[in-house]
Every structure is written in C-alpha cells, then in structure tokens.
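File shown: data_15.txt (compact mmCIF, C-alpha atoms).
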```
# COMPACT_ATOMS: atom_id res chain seq x y z
CA MET M 1 -5.38 8.69 23.55
CA THR M 2 -2.91 7.00 21.31
CA GLY M 3 -1.17 8.38 18.25
CA THR M 4 -0.51 4.92 16.87
CA ARG M 5 -2.78 4.25 13.91
CA LEU M 6 -3.64 1.29 11.78
CA SER M 7 -4.10 1.38 8.00
CA ILE M 8 -5.38 -1.55 6.06
CA ARG M 9 -4.98 -2.67 2.50
CA ILE M 10 -7.20 -5.23 0.83
CA ASP M 11 -5.41 -7.41 -1.70
CA LEU M 12 -8.06 -8.76 -4.05
CA LYS M 13 -7.70 -12.11 -5.70
CA ASN M 14 -7.91 -10.47 -9.12
CA GLY M 15 -4.58 -8.83 -8.27
CA ASP M 16 -5.94 -5.35 -7.54
CA ARG M 17 -5.48 -3.55 -4.25
CA ILE M 18 -7.73 -1.25 -2.28
CA GLY M 19 -5.89 0.83 0.29
CA PRO M 20 -6.11 4.11 2.21
CA GLY M 21 -5.26 6.31 -0.80
CA LYS M 22 -8.05 5.01 -3.03
CA ILE M 23 -10.61 5.15 -0.24
CA ALA M 24 -9.64 8.70 0.77
CA LEU M 25 -9.92 9.72 -2.89
CA LEU M 26 -13.38 8.13 -3.27
CA GLU M 27 -14.56 9.98 -0.17
CA ALA M 28 -13.12 13.26 -1.42
CA ILE M 29 -14.77 12.84 -4.85
CA ARG M 30 -18.06 12.09 -3.11
CA ASP M 31 -17.68 15.21 -0.96
CA THR M 32 -16.58 17.60 -3.70
CA GLY M 33 -18.36 16.29 -6.80
CA SER M 34 -15.28 16.18 -8.99
CA ILE M 35 -12.03 14.30 -9.40
CA SER M 36 -9.91 17.44 -9.55
CA ALA M 37 -11.49 19.04 -6.48
CA GLY M 38 -11.34 15.72 -4.64
CA ALA M 39 -7.64 15.34 -5.43
CA ARG M 40 -6.96 18.89 -4.29
CA LYS M 41 -8.80 18.29 -1.03
CA ILE M 42 -6.50 15.44 -0.03
CA GLY M 43 -3.31 16.91 -1.51
CA MET M 44 -3.07 14.37 -4.32
CA SER M 45 -1.92 15.25 -7.83
CA TYR M 46 -4.59 15.28 -10.52
CA ARG M 47 -2.60 12.77 -12.52
CA ARG M 48 -2.40 10.32 -9.64
CA ALA M 49 -6.09 10.77 -8.86
CA TRP M 50 -7.02 9.82 -12.45
CA LEU M 51 -4.77 6.79 -12.27
CA LEU M 52 -6.36 5.63 -9.00
CA VAL M 53 -9.89 6.20 -10.33
CA GLU M 54 -9.03 4.06 -13.32
CA GLN M 55 -7.67 1.33 -11.04
CA ILE M 56 -10.78 1.50 -8.83
CA ASN M 57 -13.08 1.19 -11.83
CA VAL M 58 -11.17 -1.80 -13.15
CA ALA M 59 -11.13 -3.51 -9.76
CA LEU M 60 -14.89 -3.36 -9.21
CA GLN M 61 -17.61 -5.17 -11.15
CA GLN M 62 -19.11 -1.80 -11.99
CA PRO M 63 -17.30 1.56 -12.00
CA GLY M 64 -16.93 3.17 -8.58
CA VAL M 65 -16.71 6.66 -10.06
CA ALA M 66 -18.78 8.02 -12.95
CA SER M 67 -18.57 11.33 -14.74
CA THR M 68 -21.55 13.64 -14.86
CA MET M 69 -21.85 15.47 -18.12
CA GLY M 70 -23.02 18.98 -18.73
CA GLY M 71 -24.91 21.00 -16.15
CA ARG M 72 -23.94 24.36 -14.81
CA GLN M 73 -20.51 23.30 -13.58
CA GLY M 74 -19.71 21.75 -16.94
CA GLY M 75 -19.59 18.19 -15.63
CA GLY M 76 -18.09 16.55 -12.60
CA ALA M 77 -17.86 13.13 -11.00
CA VAL M 78 -19.98 11.07 -8.66
CA VAL M 79 -19.29 8.01 -6.57
CA THR M 80 -21.63 5.22 -7.69
CA PRO M 81 -23.51 2.90 -5.32
CA VAL M 82 -20.84 0.22 -5.74
CA GLY M 83 -18.19 2.85 -4.94
CA GLU M 84 -20.12 3.84 -1.80
CA ARG M 85 -20.33 0.18 -0.84
CA MET M 86 -16.56 -0.17 -1.22
CA ILE M 87 -15.99 2.84 1.07
CA ASP M 88 -18.39 1.42 3.68
CA ILE M 89 -16.84 -2.05 3.67
CA TYR M 90 -13.29 -0.70 3.85
CA ARG M 91 -14.08 1.63 6.78
CA SER M 92 -15.89 -1.19 8.51
CA ILE M 93 -12.91 -3.57 8.25
CA GLU M 94 -10.64 -0.78 9.47
CA ARG M 95 -12.86 -0.05 12.47
CA VAL M 96 -13.13 -3.71 13.45
CA ALA M 97 -9.37 -4.15 13.12
CA ARG M 98 -8.65 -1.10 15.27
CA GLU M 99 -11.14 -2.03 17.95
CA SER M 100 -9.83 -5.55 18.26
CA ALA M 101 -6.15 -4.63 18.34
CA GLY M 102 -6.11 -2.39 21.42
CA ASP M 103 -3.82 -4.62 23.49
CA GLU M 104 -1.37 -5.02 20.62
CA PHE M 105 -1.28 -1.27 20.07
CA ARG M 106 -0.26 -0.71 23.66
CA ALA M 107 2.42 -3.37 23.19
CA VAL M 108 3.76 -1.57 20.10
CA GLU M 109 3.96 1.69 21.98
CA LYS M 110 6.21 0.10 24.58
CA ILE M 111 8.87 -0.82 22.05
CA VAL M 112 8.94 2.14 19.68
CA ARG M 113 10.99 5.27 20.02
CA LYS M 114 9.14 8.19 21.59
CA GLY M 115 8.96 11.50 19.81
CA LYS M 116 10.13 12.50 16.39
CA ARG M 117 13.55 11.61 15.12
CA LYS M 118 16.23 14.01 16.26
CA GLU M 119 19.72 14.51 14.89
CA LYS M 120 22.36 14.20 17.57
CA MET N 1 -11.14 -20.46 0.99
CA THR N 2 -10.85 -16.89 -0.11
CA GLY N 3 -8.16 -15.23 -2.17
CA THR N 4 -8.91 -11.83 -0.70
CA ARG N 5 -6.22 -10.85 1.74
CA LEU N 6 -5.69 -8.11 4.27
CA SER N 7 -2.42 -6.28 4.85
CA ILE N 8 -1.96 -3.88 7.70
CA ARG N 9 0.33 -0.95 8.24
CA ILE N 10 1.03 0.55 11.64
CA ASP N 11 1.57 4.31 11.57
CA LEU N 12 3.54 5.19 14.69
CA LYS N 13 3.15 8.50 16.40
CA ASN N 14 6.84 9.23 15.89
CA GLY N 15 6.06 9.34 12.16
CA ASP N 16 7.55 5.95 11.27
CA ARG N 17 5.61 3.14 9.63
CA ILE N 18 5.72 -0.59 10.07
CA GLY N 19 4.13 -2.51 7.19
CA PRO N 20 4.25 -5.85 5.40
CA GLY N 21 7.60 -5.20 3.68
CA LYS N 22 9.54 -4.49 6.87
CA ILE N 23 8.00 -7.41 8.71
CA ALA N 24 8.66 -9.84 5.84
CA LEU N 25 12.27 -8.61 5.76
CA LEU N 26 12.72 -9.06 9.53
CA GLU N 27 11.40 -12.62 9.25
CA ALA N 28 13.68 -13.36 6.29
CA ILE N 29 16.73 -11.99 8.14
CA ARG N 30 15.81 -14.11 11.15
CA ASP N 31 15.48 -17.19 8.93
CA THR N 32 18.63 -16.68 6.87
CA GLY N 33 21.02 -14.97 9.30
CA SER N 34 21.94 -12.13 6.99
CA ILE N 35 20.48 -9.03 5.40
CA SER N 36 21.60 -9.96 1.88
CA ALA N 37 20.28 -13.54 2.07
CA GLY N 38 17.08 -12.29 3.67
CA ALA N 39 16.56 -9.74 0.91
CA ARG N 40 17.19 -12.39 -1.75
CA LYS N 41 14.70 -14.74 -0.13
CA ILE N 42 11.84 -12.27 -0.48
CA GLY N 43 12.94 -10.82 -3.84
CA MET N 44 13.92 -7.45 -2.41
CA SER N 45 16.93 -5.48 -3.58
CA TYR N 46 19.90 -5.33 -1.22
CA ARG N 47 19.77 -1.56 -1.30
CA ARG N 48 16.12 -1.45 -0.29
CA ALA N 49 16.70 -4.04 2.44
CA TRP N 50 19.42 -1.86 4.00
CA LEU N 51 17.17 1.17 3.83
CA LEU N 52 14.33 -0.70 5.55
CA VAL N 53 16.64 -2.09 8.24
CA GLU N 54 17.82 1.44 8.96
CA GLN N 55 14.22 2.63 9.21
CA ILE N 56 13.30 -0.26 11.50
CA ASN N 57 16.24 0.46 13.80
CA VAL N 58 15.35 4.13 14.01
CA ALA N 59 11.68 3.37 14.69
CA LEU N 60 12.31 1.10 17.67
CA GLN N 61 13.72 2.02 21.06
CA GLN N 62 16.49 -0.48 20.46
CA PRO N 63 17.69 -1.79 17.08
CA GLY N 64 15.57 -4.59 15.62
CA VAL N 65 18.48 -5.95 13.58
CA ALA N 66 22.08 -6.26 14.74
CA SER N 67 25.15 -7.35 12.86
CA THR N 68 27.18 -10.30 14.03
CA MET N 69 30.86 -9.89 13.54
CA GLY N 70 33.43 -12.46 12.57
CA GLY N 71 32.77 -16.16 12.87
CA ARG N 72 33.02 -18.72 10.14
CA GLN N 73 30.58 -16.99 7.79
CA GLY N 74 32.42 -13.71 8.18
CA GLY N 75 29.56 -11.96 9.95
CA GLY N 76 25.85 -11.75 9.37
CA ALA N 77 22.77 -10.28 10.96
CA VAL N 78 20.37 -11.29 13.71
CA VAL N 79 16.96 -10.10 14.71
CA THR N 80 17.12 -8.80 18.28
CA PRO N 81 14.51 -9.53 20.97
CA VAL N 82 12.82 -6.20 20.31
CA GLY N 83 12.76 -7.05 16.59
CA GLU N 84 11.17 -10.43 17.38
CA ARG N 85 8.62 -8.65 19.55
CA MET N 86 7.74 -6.33 16.67
CA ILE N 87 7.19 -9.32 14.35
CA ASP N 88 4.97 -11.03 16.92
CA ILE N 89 2.84 -7.97 17.59
CA TYR N 90 2.42 -7.20 13.90
CA ARG N 91 1.39 -10.76 13.02
CA SER N 92 -0.96 -10.77 15.98
CA ILE N 93 -2.74 -7.57 14.87
CA GLU N 94 -2.95 -8.95 11.36
CA ARG N 95 -4.47 -12.22 12.55
CA VAL N 96 -7.03 -10.51 14.76
CA ALA N 97 -7.98 -8.15 11.95
CA ARG N 98 -8.42 -11.00 9.48
CA GLU N 99 -10.42 -13.14 11.85
CA SER N 100 -12.80 -10.35 12.73
CA ALA N 101 -13.39 -9.16 9.17
CA GLY N 102 -14.79 -12.36 7.66
CA ASP N 103 -18.23 -10.90 6.84
CA GLU N 104 -16.72 -7.80 5.28
CA PHE N 105 -14.41 -9.93 3.14
CA ARG N 106 -17.36 -11.80 1.72
CA ALA N 107 -19.03 -8.46 1.03
CA VAL N 108 -15.94 -7.25 -0.85
CA GLU N 109 -15.92 -10.35 -2.99
CA LYS N 110 -19.45 -9.63 -4.14
CA ILE N 111 -18.56 -6.28 -5.64
CA VAL N 112 -15.15 -6.85 -7.19
CA ARG N 113 -14.41 -8.09 -10.65
CA LYS N 114 -13.76 -11.81 -10.91
CA GLY N 115 -10.58 -13.08 -12.48
CA LYS N 116 -7.54 -11.27 -13.74
CA ARG N 117 -7.81 -8.25 -15.97
CA LYS N 118 -8.23 -9.10 -19.63
CA GLU N 119 -7.75 -6.89 -22.65
CA LYS N 120 -10.83 -6.79 -24.88
```
Turn this file's structure into structure tokens for me.
Amino acid sequence: MTGTRLSIRIDLKNGDRIGPGKIALLEAIRDTGSISAGARKIGMSYRRAWLLVEQINVALQQPGVASTMGGRQGGGAVVTPVGERMIDIYRSIERVARESAGDEFRAVEKIVRKGKRKEK
Amino acid sequence: MTGTRLSIRIDLKNGDRIGPGKIALLEAIRDTGSISAGARKIGMSYRRAWLLVEQINVALQQPGVASTMGGRQGGGAVVTPVGERMIDIYRSIERVARESAGDEFRAVEKIVRKGKRKEK
C-alpha cells in the first residue's frame, strides 16, 4: 500500500478548469440532495460551494447542477445527467492515470522525505 | 489537436504536494540559474518562488534546489540531482496520464461549452 496519491485537473480550452474540489462537490451534492448539505459533507464553505457550482454550470454545455423547487424539504439540488457524465469521465481519467503510473509512484517514494515534517 | 489539457498533482504521504507550479519553477531555475530569474520567466512573484523552493526542499530527502555562492554572477541557484529526478518523474507521470486518457478527453470535449465565456 502506498500513501502517495495522484490528483488530476482538466484545463478546458474555454479557460475553465475541472479539478478535485469541483468533482468532490458534485458527488456530495448528488449524495445529499442539496448544495449546503453537500458542502458540509466535504468541509467546504457554503459560499465556496456556490461559487464552484456556478463555475461548473458555466463550464458545461448544460448546467451540471439544477435546483429542485418546492417539495417537503423546501427545495434542494440535483446533479444533472451532464454533471453525472462529468463525474464519470473525471474519475475514469484519474483511475487510468493512477493505474499507469505505478512505477513512477515507487520512484517518487524513493526521493521524498519519510514521515511528517518535524521541528528539530 | 485538442486544447483540453491535463495537469497532475502528487499528494505525498508526508503531507506535501508536488504540482505544476513547483515543477515549472524547478525547470525555470534549472534553465536560468537563479530563483529570481526563474520566477520572472514563468511570471511568478519572487516571494512565492522562495516559498515554493522551501516547500520543495522540505518535501524531498535532499534539497531540490541549492544556492551557488560567489562566482562572477555573485551566486545563483542550481537544481540538484534529486530535483532533476523529481522533474523527470513528474513529467513522466503526466505524459503517461495524457497518453492513456485520449478517449476520455474526447468525451469531455463533447460536454463542455465551446469558446470563451461571453456576457449576454
């Protein structure tokens, strides 16, 4: 088992970026049914979550997150099919990258400091 | 040709991170022979460059950047062998990840907005 991990960020040609924060937020909104509960789940501020949702919706051809009005909970949010597709593609790129970089990971581990930083 | 690009970040188990900014800075220091010239080359502030160099040196078992004292230019900086190794491994992971994610990249391009953001 290795503790070294790889994160990826997709830089779109329209200038937008899709990285680990936006994807984790999309997944949390999908799992909780609201932006505020999703943000709470991953320890993100509500303000930042709204900002990222706005950026996601601008980056995609159709919004990745939509609000659901009314109902017993007084409205919430859902991840749209295009949002789900974005999550799937991102996780797929991440998985492929991790699987194919095994040798390089072991090489990194040989040159980095072991253990957490300690004050002398 | 695609304009969609992939950046990677390596999260080390000691808690440190190696991402595109640190690697670009290491390469610029290697190419220019100093931290200040390297920072200028990639449009990074001198202050931030020093901070990143410090983080790089703490993350690796041996410093990735060393200062060269004296000489005609009055001292500068060099990338050490372990720093060079870090650059090589990072670029290698990045290349492998990009090469293996071609299908996913085309899938991303189908769902993202074309062109730069425009105000209505």
Inset, instruction - Tell me the residues of chain M close to chain N, meaning within 6 Å using only C-alpha atoms, as an NGL selection string. - result: :M and (3-14 or 59-61 or 89 or 93 or 97 or 101 or 104 or 111-113 or 115-116)
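With atom CA of Ala39 of chain N on one side and atom CA of Glu84 of chain N on the other, the separation reads 17.3 Å.
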Return chain M as a PDB file with C-alpha atoms, in the frame of the given file, after superposing it on chain N by a least-squares fit that covers all C-alpha atoms paired in order.
```pdb
ATOM      1  CA  MET M   1     -11.258 -20.480   0.675  1.00  0.00           C
ATOM      2  CA  THR M   2     -10.908 -16.876  -0.251  1.00  0.00           C
ATOM      3  CA  GLY M   3      -8.158 -15.206  -2.237  1.00  0.00           C
ATOM      4  CA  THR M   4      -8.919 -11.816  -0.741  1.00  0.00           C
ATOM      5  CA  ARG M   5      -6.207 -10.847   1.723  1.00  0.00           C
ATOM      6  CA  LEU M   6      -5.697  -8.125   4.247  1.00  0.00           C
ATOM      7  CA  SER M   7      -2.411  -6.297   4.851  1.00  0.00           C
ATOM      8  CA  ILE M   8      -1.930  -3.911   7.691  1.00  0.00           C
ATOM      9  CA  ARG M   9       0.343  -0.977   8.249  1.00  0.00           C
ATOM     10  CA  ILE M  10       1.035   0.544  11.637  1.00  0.00           C
ATOM     11  CA  ASP M  11       1.560   4.296  11.567  1.00  0.00           C
ATOM     12  CA  LEU M  12       3.531   5.183  14.681  1.00  0.00           C
ATOM     13  CA  LYS M  13       3.127   8.502  16.382  1.00  0.00           C
ATOM     14  CA  ASN M  14       6.822   9.228  15.886  1.00  0.00           C
ATOM     15  CA  GLY M  15       6.053   9.329  12.158  1.00  0.00           C
ATOM     16  CA  ASP M  16       7.547   5.940  11.275  1.00  0.00           C
ATOM     17  CA  ARG M  17       5.607   3.137   9.647  1.00  0.00           C
ATOM     18  CA  ILE M  18       5.726  -0.610  10.070  1.00  0.00           C
ATOM     19  CA  GLY M  19       4.153  -2.507   7.199  1.00  0.00           C
ATOM     20  CA  PRO M  20       4.262  -5.862   5.401  1.00  0.00           C
ATOM     21  CA  GLY M  21       7.617  -5.206   3.686  1.00  0.00           C
ATOM     22  CA  LYS M  22       9.550  -4.490   6.879  1.00  0.00           C
ATOM     23  CA  ILE M  23       7.998  -7.422   8.709  1.00  0.00           C
ATOM     24  CA  ALA M  24       8.677  -9.852   5.845  1.00  0.00           C
ATOM     25  CA  LEU M  25      12.280  -8.616   5.771  1.00  0.00           C
ATOM     26  CA  LEU M  26      12.720  -9.078   9.544  1.00  0.00           C
ATOM     27  CA  GLU M  27      11.398 -12.626   9.255  1.00  0.00           C
ATOM     28  CA  ALA M  28      13.682 -13.376   6.319  1.00  0.00           C
ATOM     29  CA  ILE M  29      16.741 -12.001   8.166  1.00  0.00           C
ATOM     30  CA  ARG M  30      15.806 -14.121  11.173  1.00  0.00           C
ATOM     31  CA  ASP M  31      15.486 -17.199   8.954  1.00  0.00           C
ATOM     32  CA  THR M  32      18.646 -16.696   6.907  1.00  0.00           C
ATOM     33  CA  GLY M  33      21.024 -14.981   9.336  1.00  0.00           C
ATOM     34  CA  SER M  34      21.958 -12.145   7.016  1.00  0.00           C
ATOM     35  CA  ILE M  35      20.495  -9.050   5.419  1.00  0.00           C
ATOM     36  CA  SER M  36      21.621  -9.985   1.921  1.00  0.00           C
ATOM     37  CA  ALA M  37      20.305 -13.551   2.104  1.00  0.00           C
ATOM     38  CA  GLY M  38      17.092 -12.311   3.707  1.00  0.00           C
ATOM     39  CA  ALA M  39      16.571  -9.772   0.925  1.00  0.00           C
ATOM     40  CA  ARG M  40      17.219 -12.418  -1.709  1.00  0.00           C
ATOM     41  CA  LYS M  41      14.719 -14.766  -0.092  1.00  0.00           C
ATOM     42  CA  ILE M  42      11.862 -12.294  -0.465  1.00  0.00           C
ATOM     43  CA  GLY M  43      12.968 -10.845  -3.812  1.00  0.00           C
ATOM     44  CA  MET M  44      13.957  -7.472  -2.381  1.00  0.00           C
ATOM     45  CA  SER M  45      16.986  -5.514  -3.567  1.00  0.00           C
ATOM     46  CA  TYR M  46      19.930  -5.359  -1.186  1.00  0.00           C
ATOM     47  CA  ARG M  47      19.801  -1.586  -1.274  1.00  0.00           C
ATOM     48  CA  ARG M  48      16.150  -1.479  -0.276  1.00  0.00           C
ATOM     49  CA  ALA M  49      16.711  -4.055   2.459  1.00  0.00           C
ATOM     50  CA  TRP M  50      19.447  -1.880   4.020  1.00  0.00           C
ATOM     51  CA  LEU M  51      17.190   1.146   3.850  1.00  0.00           C
ATOM     52  CA  LEU M  52      14.336  -0.712   5.573  1.00  0.00           C
ATOM     53  CA  VAL M  53      16.656  -2.105   8.262  1.00  0.00           C
ATOM     54  CA  GLU M  54      17.828   1.414   8.971  1.00  0.00           C
ATOM     55  CA  GLN M  55      14.224   2.621   9.213  1.00  0.00           C
ATOM     56  CA  ILE M  56      13.312  -0.282  11.522  1.00  0.00           C
ATOM     57  CA  ASN M  57      16.244   0.456  13.812  1.00  0.00           C
ATOM     58  CA  VAL M  58      15.336   4.126  14.009  1.00  0.00           C
ATOM     59  CA  ALA M  59      11.675   3.378  14.687  1.00  0.00           C
ATOM     60  CA  LEU M  60      12.296   1.095  17.664  1.00  0.00           C
ATOM     61  CA  GLN M  61      13.717   2.021  21.064  1.00  0.00           C
ATOM     62  CA  GLN M  62      16.489  -0.485  20.474  1.00  0.00           C
ATOM     63  CA  PRO M  63      17.691  -1.798  17.098  1.00  0.00           C
ATOM     64  CA  GLY M  64      15.573  -4.594  15.641  1.00  0.00           C
ATOM     65  CA  VAL M  65      18.475  -5.963  13.611  1.00  0.00           C
ATOM     66  CA  ALA M  66      22.088  -6.277  14.767  1.00  0.00           C
ATOM     67  CA  SER M  67      25.159  -7.358  12.868  1.00  0.00           C
ATOM     68  CA  THR M  68      27.202 -10.305  14.040  1.00  0.00           C
ATOM     69  CA  MET M  69      30.884  -9.839  13.500  1.00  0.00           C
ATOM     70  CA  GLY M  70      33.448 -12.402  12.542  1.00  0.00           C
ATOM     71  CA  GLY M  71      32.828 -16.126  12.780  1.00  0.00           C
ATOM     72  CA  ARG M  72      33.139 -18.614   9.999  1.00  0.00           C
ATOM     73  CA  GLN M  73      30.684 -16.891   7.674  1.00  0.00           C
ATOM     74  CA  GLY M  74      32.472 -13.585   8.128  1.00  0.00           C
ATOM     75  CA  GLY M  75      29.584 -11.905   9.929  1.00  0.00           C
ATOM     76  CA  GLY M  76      25.868 -11.769   9.390  1.00  0.00           C
ATOM     77  CA  ALA M  77      22.782 -10.289  11.001  1.00  0.00           C
ATOM     78  CA  VAL M  78      20.387 -11.295  13.734  1.00  0.00           C
ATOM     79  CA  VAL M  79      16.954 -10.098  14.728  1.00  0.00           C
ATOM     80  CA  THR M  80      17.110  -8.793  18.303  1.00  0.00           C
ATOM     81  CA  PRO M  81      14.497  -9.525  20.982  1.00  0.00           C
ATOM     82  CA  VAL M  82      12.798  -6.185  20.312  1.00  0.00           C
ATOM     83  CA  GLY M  83      12.745  -7.050  16.594  1.00  0.00           C
ATOM     84  CA  GLU M  84      11.160 -10.427  17.402  1.00  0.00           C
ATOM     85  CA  ARG M  85       8.599  -8.649  19.557  1.00  0.00           C
ATOM     86  CA  MET M  86       7.737  -6.324  16.671  1.00  0.00           C
ATOM     87  CA  ILE M  87       7.196  -9.313  14.346  1.00  0.00           C
ATOM     88  CA  ASP M  88       4.972 -11.033  16.932  1.00  0.00           C
ATOM     89  CA  ILE M  89       2.839  -7.960  17.599  1.00  0.00           C
ATOM     90  CA  TYR M  90       2.420  -7.182  13.901  1.00  0.00           C
ATOM     91  CA  ARG M  91       1.373 -10.758  13.033  1.00  0.00           C
ATOM     92  CA  SER M  92      -0.979 -10.765  15.980  1.00  0.00           C
ATOM     93  CA  ILE M  93      -2.743  -7.559  14.875  1.00  0.00           C
ATOM     94  CA  GLU M  94      -2.962  -8.955  11.350  1.00  0.00           C
ATOM     95  CA  ARG M  95      -4.484 -12.226  12.553  1.00  0.00           C
ATOM     96  CA  VAL M  96      -7.045 -10.489  14.756  1.00  0.00           C
ATOM     97  CA  ALA M  97      -7.991  -8.138  11.925  1.00  0.00           C
ATOM     98  CA  ARG M  98      -8.436 -11.000   9.465  1.00  0.00           C
ATOM     99  CA  GLU M  99     -10.450 -13.128  11.844  1.00  0.00           C
ATOM    100  CA  SER M 100     -12.808 -10.320  12.714  1.00  0.00           C
ATOM    101  CA  ALA M 101     -13.394  -9.138   9.157  1.00  0.00           C
ATOM    102  CA  GLY M 102     -14.829 -12.324   7.644  1.00  0.00           C
ATOM    103  CA  ASP M 103     -18.258 -10.867   6.854  1.00  0.00           C
ATOM    104  CA  GLU M 104     -16.740  -7.772   5.267  1.00  0.00           C
ATOM    105  CA  PHE M 105     -14.441  -9.899   3.130  1.00  0.00           C
ATOM    106  CA  ARG M 106     -17.395 -11.771   1.713  1.00  0.00           C
ATOM    107  CA  ALA M 107     -19.045  -8.412   1.028  1.00  0.00           C
ATOM    108  CA  VAL M 108     -15.955  -7.203  -0.861  1.00  0.00           C
ATOM    109  CA  GLU M 109     -15.934 -10.312  -2.991  1.00  0.00           C
ATOM    110  CA  LYS M 110     -19.470  -9.594  -4.145  1.00  0.00           C
ATOM    111  CA  ILE M 111     -18.548  -6.242  -5.639  1.00  0.00           C
ATOM    112  CA  VAL M 112     -15.135  -6.836  -7.183  1.00  0.00           C
ATOM    113  CA  ARG M 113     -14.401  -8.074 -10.653  1.00  0.00           C
ATOM    114  CA  LYS M 114     -13.749 -11.807 -10.879  1.00  0.00           C
ATOM    115  CA  GLY M 115     -10.582 -13.089 -12.456  1.00  0.00           C
ATOM    116  CA  LYS M 116      -7.573 -11.251 -13.732  1.00  0.00           C
ATOM    117  CA  ARG M 117      -7.878  -8.244 -15.962  1.00  0.00           C
ATOM    118  CA  LYS M 118      -8.334  -9.133 -19.601  1.00  0.00           C
ATOM    119  CA  GLU M 119      -7.882  -6.955 -22.660  1.00  0.00           C
ATOM    120  CA  LYS M 120     -10.950  -6.934 -24.860  1.00  0.00           C
TER     121      LYS M 120
END
```
Show which residues sit within 10 Å of Ala28 of chain M, as a compact mmCIF listing (two decimals) with C-alpha atoms, in the frame of the given file. Count all atoms listed in the file, and ignore same-chain residues fewer than 5 positions away.
```
# COMPACT_ATOMS: atom_id res chain seq x y z
CA LYS M 22 -8.05 5.01 -3.03
CA ILE M 23 -10.61 5.15 -0.24
CA GLY M 33 -18.36 16.29 -6.80
CA SER M 34 -15.28 16.18 -8.99
CA ILE M 35 -12.03 14.30 -9.40
CA SER M 36 -9.91 17.44 -9.55
CA ALA M 37 -11.49 19.04 -6.48
CA GLY M 38 -11.34 15.72 -4.64
CA ALA M 39 -7.64 15.34 -5.43
CA ARG M 40 -6.96 18.89 -4.29
CA LYS M 41 -8.80 18.29 -1.03
CA ILE M 42 -6.50 15.44 -0.03
CA VAL M 79 -19.29 8.01 -6.57
```
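Atom to atom, atom CA of Arg47 of chain N and atom CA of Leu26 of chain N stand 14.9 Å apart.
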Legend entry - Coordinates-based distance that separates atom CA of Trp50 of chain M from atom CA of Ala77 of chain M (Å, one decimal):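 Rounded to one decimal, the two atoms are 11.4 Å apart.
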Using 6 Å of padding on each side, determine the axis-aligned box around all atoms of segment 92-100 of chain M present in the file and give its centre and edge lengths in Å to one decimal, as JSON.
```
{"center_x": -12.3, "center_y": -2.8, "center_z": 13.3, "size_x": 19.2, "size_y": 17.5, "size_z": 22.0}
```
